[in-house]
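Novice: Mind looking over this structure? Questions follow.
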There are 2 protein chains.
Amino acid sequence: MRRIRASVRQCSQRPNRHNGSLGFCWLVAIALVFSAAGVASAVTPPTLSEDEMAKAEFIYFDRCSGCHGALRKGATGPNITDEAMLKKSLSELETTIFEGTDAGMPGWGRTGELTVKESALMAKFMQLPAPIPPEMGLKAMKETHKLIVPVEDRPTKPQHKRNIDNYFGIILRDVGKGAIIDGDTKELINVLDTGHAVHIFRASATGRYFYTIGRDGKVNLIDLYEKTPKVVAEARVCLDARSVDVSKYNGPKGDFVDKYAVVGCYWPPQMVVLDGQTLEPLKVISTRSSTYDTNEYHPEPRVATIVASHHAPEWVVAIKETGMVWLVDYSDLNNLSMTQIATERFLHDGGFDATGRYLLIAANMRDQMVVVDTVERKFVTKFETGTKPHPGRGANWIDPEYGPVSATTHLGEGMIVVYGSDPKGHPEHAWKIVHEEETAGPGLFLKTHPKSEHIWTDSTLSKEEGVNQQICVFKKADFSAGANCWKAADHGKVVHFEFNKEGDEVWTAVWDKQGEIIIYDDKTLKEKKRIKGDWLVTPTGKWNVYNTVNDVY
Amino acid sequence: MRRIRASVRQCSQRPNRHNGSLGFCWLVAIALVFSAAGVASAVTPPTLSEDEMAKAEFIYFDRCSGCHGALRKGATGPNITDEAMLKKSLSELETTIFEGTDAGMPGWGRTGELTVKESALMAKFMQLPAPIPPEMGLKAMKETHKLIVPVEDRPTKPQHKRNIDNYFGIILRDVGKGAIIDGDTKELINVLDTGHAVHIFRASATGRYFYTIGRDGKVNLIDLYEKTPKVVAEARVCLDARSVDVSKYNGPKGDFVDKYAVVGCYWPPQMVVLDGQTLEPLKVISTRSSTYDTNEYHPEPRVATIVASHHAPEWVVAIKETGMVWLVDYSDLNNLSMTQIATERFLHDGGFDATGRYLLIAANMRDQMVVVDTVERKFVTKFETGTKPHPGRGANWIDPEYGPVSATTHLGEGMIVVYGSDPKGHPEHAWKIVHEEETAGPGLFLKTHPKSEHIWTDSTLSKEEGVNQQICVFKKADFSAGANCWKAADHGKVVHFEFNKEGDEVWTAVWDKQGEIIIYDDKTLKEKKRIKGDWLVTPTGKWNVYNTVNDVY
């Protein structure tokens, strides 16, 4: 790229006395693009058969693209385009893929996900140009749309006596399914087909429906009014996706409760608005745009996360690679307003503060948390926490000394960082770190509940034997006392927490092929129940309907 | 594309019981992209030497890309990608390039712009894949930025006794220059170096500066306070551009008068905000996005035109290929709000109605005029006029029968179409055609002025000998009486009109290498003066400072 930019500079510095001067310069720039693409050819790239290529592309999609991007230009993981990879030997690459790195790359061979042969295949694939996946527009999406139960054929009230507010949706990652469990009775109600490796469940604004979004961009609508919850609509609107949400606003600008759903895509880089009741795809909003800081065009700005505002008819959308937060107003799709807020690159996951006003989101590769004011519609601040903050939705509580605080755990180190999040009542602590405590190891999630006395953290990413099976719990009343930790399982990895509606139980998952759900009493920290079953394959995230509807965390 | 979409459909319809099924499908889609790209190879494409390629690329940029797009996917002209062009013989292509078509393609050989040899070269170029021009980000732009006279070194008041409000800026297209003429005395004041083939002059909100934008994306800032107007800053922010404007708003949201300039690019597809006083590039806003109707991603949505709102801190930006009008709020660039209004594809040129509330813009390849309400921030309507409407900024006057009306001429036929544009006072005629009259032939521009009794039209695009040298003038008081036409020159093409500040004189250009400016008395239609000179090479558009500042047309 440096060469291309240089040539542009050269162009503008030439005296422009003749028609031809621009053309010449423009063409020099073009020629450099092509020659840059040709640089790699000094080293002979490997060859793959069609079958090998197909297999490598799937493994790349399934295991690698989340961090490195479809175009391999890097994000959470580094740039691994063929140009960069041809500078390394195949055996170096094989080792990295199989063993992982200290910088945070999983050892896919070590963890049993890839064989030696597959690691060797992926090493070769890395030295070939990244295939560019196709676009996906409205016509293709509509062809995938299935309205399984039309709205008029759905029940008008629950067909059962269960308490929907305390239903849990649970991802069964590797089998492309989701389970619905009754949180009151702990009974499995149903297992449903979903997209591939569902990333999240999101409850609709009324709490009647669950939306699930698969890694493959397939969104499912699950009706919880049915006696046995069932998928009443589905559509595929991306080739790679992570986020889904619903319209929640009801106020002077209209009633949009459950009117629209929205999917955030990784590829193609876009967001898609669907009918909230039928999943009919309605509108595609491209996220291809420029980085917030250098203002360079990025070909693959992925939608990292979406949260629905409670006080305006809009979605808060984090665009990872460009470092922008978009507030997208859904009140008039044909005359669509949005505000694009410059924050920090590599936005990943986040949620609201306790008041629902501030978006608190991790810019994980910049080791920072970012604060956006969704009322004033502007950037507030950003601050360093630790190595790769990863709050999930986050955790909000009232610290006896510092007032309302929020917190994040980290992908890159076993640390929970707590910061003030009440600029009105406690301006002196606002967006400043007030606690830093060790957890058992690098983790994915933390969680609390307004009625809980605790903050729960996992250490799922630890490479130390057994540590990734630990849970560490902090006391709100005495955070500085440090964590109470224990080993919750002797197999798999322990990951992700969710409270029940009452806020007195915590659910977590043992993530492997013989998965388990463990339920703890929040007050005593004692195990209440362990759910097991043939159907409980690779459970990961879990969502309580009431807490998801109301952003309770 | 049909094959790709089909494969996506196939993916989603497969039962998703195994991890592999998605991967397989995704890869099928990818494979089809590559095989689609390979379809053309059944016919052997021609070969070009490096020098030939460079020459062809420049000719393409200079003569073809405006209508067909940098990626050759078509807009005002048809799709001419290599896939399409390999279906025609080289001799067919040569003939089309040299002779033109009845569908509106100029005969570049016939008009003397290209030789037989060059036409043959371009025919071969068309059968090769379109080179993708490089991106251009903020760093490259900043390297082109030259602040020739810092703001503090500029005079605080005019250094002359001339009447700046009646200055005219005149494009000297083929020599990459612009002339400043004193409209009171008709004297040439200065000839200045500009970008290549300047598309427009736009006066700053104060009327102190002229901005010019070159086809090559170079923007120049000309200070009219200087005794001899001079270029005080320049920057190149695109590789291909058409539009420039300034921030005009001064009100409760702040004083933005001459604070920002904005350039609309054809390539890269983006708009760029610059400091209005120094031309320092500040912010890049990509226009890559989806079409308004089919919601398919478009790789090259070009900025067709930009007009500054008088009543809000925003620019009204027409995005050609997607058919969207963006209202871009410049009051906070770091938290940037915009409204994206779905209208009609192939937006081209337009301006405001007489009240400044409605944007009236041509969707020229759809033969329609589009109306956007910049106060309510939404689409109003669209309606057919004739073959390829082309209003320039447009023309607004009061018809004795129909009240306030607006009008457009057409690229594709010699016709002026007049429609009601006063939905408040004359709702029965609003956005309905009230007059259709013949002009001398297909033309580019029409113009009037509130003090004028006439509407002036050119017929620049006529292929009939002499007709493109005619002017036709209609009477506001008796429009249906038809035009009074005459031949204004015996060489070149007569193109574009501008009134003086008083509204009693009309200036037009004779566009060839021995160019002329002809000045008419608007009341008598008699010629007042003919400006000639060695410096007057290929004059085209011309802008009066006062009329441009105040959107008088």
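Just remember, in the structure tokens the first chain shown is A, the second B, etc., residues are 1-based per chain, and ligands are 1-based in the order shown.
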Extract, using only C-alpha atoms, all DNA, RNA and protein residues at most 6 Å from Leu274 of chain A, discarding same-chain residues fewer than 3 positions from it, and format them as a short mmCIF file (atom, residue, chain, number, x, y, z; two decimals) with N, CA and C atoms, in the first residue's frame.
Specialist:
data_model
loop_
_atom_site.label_atom_id
_atom_site.label_comp_id
_atom_site.auth_asym_id
_atom_site.auth_seq_id
_atom_site.Cartn_x
_atom_site.Cartn_y
_atom_site.Cartn_z
N TYR A 260 -39.50 -5.08 13.63
CA TYR A 260 -38.36 -5.43 12.78
C TYR A 260 -37.35 -6.29 13.53
N ALA A 261 -36.69 -7.18 12.80
CA ALA A 261 -35.47 -7.81 13.31
C ALA A 261 -34.32 -7.26 12.49
N VAL A 262 -33.12 -7.38 13.04
CA VAL A 262 -31.95 -6.92 12.29
C VAL A 262 -30.83 -7.92 12.51
N LEU A 279 -39.73 -12.64 9.40
CA LEU A 279 -38.34 -12.71 8.91
C LEU A 279 -38.21 -12.46 7.41
N GLU A 280 -39.22 -11.89 6.81
CA GLU A 280 -39.04 -11.49 5.41
C GLU A 280 -37.95 -10.43 5.33
N PRO A 281 -36.89 -10.66 4.52
CA PRO A 281 -35.82 -9.66 4.42
C PRO A 281 -36.35 -8.41 3.72
N LEU A 282 -36.04 -7.24 4.28
CA LEU A 282 -36.60 -5.98 3.78
C LEU A 282 -35.56 -5.01 3.24
#
Novice: Might you pull out every residue within 7 Å of Val307 of chain B, with only C-alpha atoms counted and same-chain residues fewer than 2 positions away left off, and present them as a ChimeraX atom specification?
Specialist: /B:245,305,309,315-317
Novice: If chain B is superposed onto chain A by least squares using every Cα atom in order, what is the RMSD, in Å to one decimal?
Specialist: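 Once chain B is fitted onto chain A, the C-alpha RMSD works out to 0.1 Å.
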Novice: Atom CA of Val191 of chain B to atom CA of Cys64 of chain B: how many Å, to one decimal?
Specialist: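 Value for the atom CA of Val191 of chain B-atom CA of Cys64 of chain B distance: 28.0 Å.
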Novice: For a quick test of understanding: name the residues of chain B lying within 6 Å of chain A when counting only C-alpha atoms, and present them as a list in words.
Specialist: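 Output check: Arg5, Arg9, Ser12, Gly23, Ile30, Phe58, Pro133, Pro134, Gly137, Leu138, Ala140, Glu143, Thr144, Val284, Ser286, Ser289, Asn295, Glu296, Asn334, Asn335, Leu336, Ser337, Met338, Thr339, Gln340, Ile341, Ala342 and Lys378 of chain B.
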Novice: Please build the interface table for segment 270-374 of chain A against segment 539-548 of chain A with a cut-off of 12 Å, listing for each qualifying residue the nearest atom pair and the distance in Å to one decimal; count only C-alpha atoms, order rows by chain and increasing number, and write it as a Markdown table.
Specialist:
| residue | atom | partner | partner_atom | distance |
| --- | --- | --- | --- | --- |
| A:Val307 | CA | A:Thr548 | CA | 10.6 |
| A:Ala308 | CA | A:Thr548 | CA | 10.9 |
| A:Gly351 | CA | A:Thr548 | CA | 11.0 |
| A:Phe352 | CA | A:Thr548 | CA | 11.9 |
Novice: Which residues come within 6 Å of Cys472 of chain A, counting only C-alpha atoms, excluding same-chain residues fewer than 5 positions away, as a PyMOL selection string?
Specialist: chain A and resi 457+483-485
Novice: Residues as selected, C-alpha atoms, written as a PDB file, in the first residue's frame, can you do that?
Specialist:
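Result file part.pdb:
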ATOM      1  CA  THR A 457     -16.316 -14.823  35.829  1.00  0.00           C
ATOM      2  CA  ALA A 483     -12.294 -13.996  44.125  1.00  0.00           C
ATOM      3  CA  ASN A 484     -13.700 -17.167  45.498  1.00  0.00           C
ATOM      4  CA  CYS A 485     -12.729 -19.725  42.836  1.00  0.00           C
TER       5      CYS A 485
END
Novice: Report the residues of segment 337-498 of chain B whose backbone DSSP state falls under strand (DSSP E), written as number ranges by chain.
Specialist: B: 337-342, 347-352, 358-363, 368-373, 378-384, 389-399, 403-410, 415-420, 433-438, 446-447, 454-458, 470-475, 484-487, 493-498
Novice: Interatomic distance between atom CA of Glu187 of chain A and atom CA of Ile517 of chain A?
Specialist: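 Spanning atom CA of Glu187 of chain A to atom CA of Ile517 of chain A is a straight-line distance of 11.7 Å.
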Novice: Please identify all polymer residues within 9 Å of Ile180 of chain B, counting only C-alpha atoms, omitting same-chain residues fewer than 4 positions from it, and present them as a ChimeraX atom specification.
Specialist: /B:167-170,187-192,229
Novice: Return the single residue from A:Gly100, A:Gly443, A:Leu172, A:Pro45 that is closest to Met126 of chain A, with distances computed using only C-alpha atoms.
Specialist: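 Result for the nearest residue to Met126 of chain A: A:Pro45.
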Novice: Skipping near chain neighbours, those fewer than 6 positions away, what residues fall within 12 Å of Asp102 of chain B using only C-alpha atoms, listed as a PDB file with N, CA and C atoms, in the first residue's frame?
Specialist:
ATOM      1  N   THR B  96     -18.564   1.180 -33.396  1.00  0.00           N
ATOM      2  CA  THR B  96     -19.354   1.859 -32.365  1.00  0.00           C
ATOM      3  C   THR B  96     -18.548   3.009 -31.751  1.00  0.00           C
ATOM      4  N   GLY B 412     -31.748  13.131 -24.535  1.00  0.00           N
ATOM      5  CA  GLY B 412     -32.136  12.170 -25.547  1.00  0.00           C
ATOM      6  C   GLY B 412     -33.135  12.687 -26.562  1.00  0.00           C
ATOM      7  N   GLU B 413     -33.642  13.874 -26.332  1.00  0.00           N
ATOM      8  CA  GLU B 413     -34.586  14.440 -27.308  1.00  0.00           C
ATOM      9  C   GLU B 413     -34.655  15.959 -27.122  1.00  0.00           C
ATOM     10  N   LEU B 461     -26.179  18.534 -27.864  1.00  0.00           N
ATOM     11  CA  LEU B 461     -25.948  17.128 -28.204  1.00  0.00           C
ATOM     12  C   LEU B 461     -26.505  16.737 -29.567  1.00  0.00           C
ATOM     13  N   SER B 462     -27.122  17.683 -30.267  1.00  0.00           N
ATOM     14  CA  SER B 462     -27.670  17.329 -31.576  1.00  0.00           C
ATOM     15  C   SER B 462     -26.551  16.880 -32.510  1.00  0.00           C
ATOM     16  N   LYS B 463     -26.850  15.829 -33.284  1.00  0.00           N
ATOM     17  CA  LYS B 463     -25.856  15.365 -34.253  1.00  0.00           C
ATOM     18  C   LYS B 463     -26.051  16.016 -35.614  1.00  0.00           C
TER      19      LYS B 463
END
